[in-house]
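Colleague: Sharing a structure, written as structure tokens. Questions coming.
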Amino acid sequence: AEEYVIKSAKLEMAGQLAAGVAHEIRNPLTSIQGFIQLLEETDKREPEYFSIIRSEFERIEGIISEFLALAKPQAVNFQENDVGLILKQTIHLMNVQAIMHGIEVVSVIEPELPLFQSDQHQLKQVFINVIKNAIEATTSKGQLIITCKKIKSHLHIEFQDQGEGIPPERIKHLFEPFYSTKEKGTGLGLMVSYKIIEEHKGIMRVESEEGKGTIVHIFLPLSS
Ligand code: ADP
Ligand code: MG
């Protein structure tokens with residue numbers, strides 16, 4: 001329990017620091033972006049340079065928004081939400097990406113689940129992060145099975161992919177900031193997700209077998 005508390009306090013500090021820096025970076029970045037756009041309109045010599053600049057900007061934007069999600073959410077909006085519906089919407093959103101990677105998403109969402117006190121945008125962020133990872137881990141065709149059901153006093157959400165899997169010695173690093181095995185990864189997705197689930201008093205667990213696939217479990221406690 002002690003270790004857990006320390007880890008949590010560290011996460012908190014890292015989060016506040018990260019969010020502060022992200023805010024400071026965003027302003028000059030917006031200004032630079034504006035000027036580059038002006039340049040692009042007048043300078044027609046090297047159009048491909050601008051497309052590189054634009055895609056690198058998008059990358060920075062992506063990192064910054066993940067950083068900002070680490071902060072204590074400015075406008076936490078906890079409401080009674082239908083988690084099954086949020087999950088369905090997110091799957092719908094990610095389905096094109098899945099299909100492009102040859103992945104069939106199968107979702108089994110129990111009907112009439114009890115509502116859950118939560119921030120729907122944050123939960124959506126978690127689902128996007130986990131589904132994105134599953135898609136990125138599946139190099140050849142496969143299924144991604146997503147289930148959501150009530151077990152006793154919890155909602156249990158499961159994301160089961162048939163991707164490359166994770167060797168046991170890597171599992172413990174997954175929630176660390178900047179831990180990524182991808183060339184273009186930020187290593188922030190799972191850390192942000194962990195923090196959000198923690199804010200909802202839930203638990204996130206990863207189970208994996210190399211070469212077979214990975215299951216990400218999320219347990220959310222229903223209040224009595
Ligand atoms: P990123 O996706 O930017 O690398 P994440 O925090 O989302 O960062 O994930 C951290 C690492 O965890 C990934 O780089 C990958 O090695 C591993 N990982 C996460 N989800 C999966 C998965 N479904 N299958 C295999 N590896 C995964
Ligand atoms: Mg990720």
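Ordered as shown in the structure tokens, chains take letters A, B, and onward, while each chain numbers its residues from 1 and ligands are numbered from 1 in the order shown.
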List the neighbours of Ala134 of chain A out to 12 Å using only C-alpha atoms; skip same-chain residues closer than 4 positions along the sequence, and give me the result as a ChimeraX atom specification.
Modeller: /A:94,97-98,101,103-105,127-130,138-146,158-166,189-190,206,208,213-216
Colleague: Show which residues sit within 10 Å of Ile203 of chain A, as number ranges by chain. Count only C-alpha atoms, and ignore same-chain residues fewer than 5 positions away.
Modeller: A: 156, 194-198, 217-221
Colleague: Taking only C-alpha atoms and all ligand atoms into account, which residues are within 10 Å of ligand 2, as a list in words?
Modeller: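 If we count only C-alpha atoms and all ligand atoms, the neighbours of ligand 2 turn out to be Val126, Ile128, Asn129, Val130, Ile131, Lys132, Asn133, Ala134, Ile135, Glu136, Ala137, Leu174, Tyr179, Ser180, Thr181, Lys182, Lys184, Gly185, Thr186, Gly187, Leu188, Gly189, Leu190, Met191, Val192 and Ser193 of chain A.
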Colleague: For segment 110-123 of chain A, list every protein, DNA or RNA residue within 12 Å, evaluated using only C-alpha atoms, and leave out those in the same chain fewer than 6 positions away; present the list as an MDAnalysis selection string.
Modeller: chainID A and resid 66 68:90 129:130 146:157 192:202 218:224
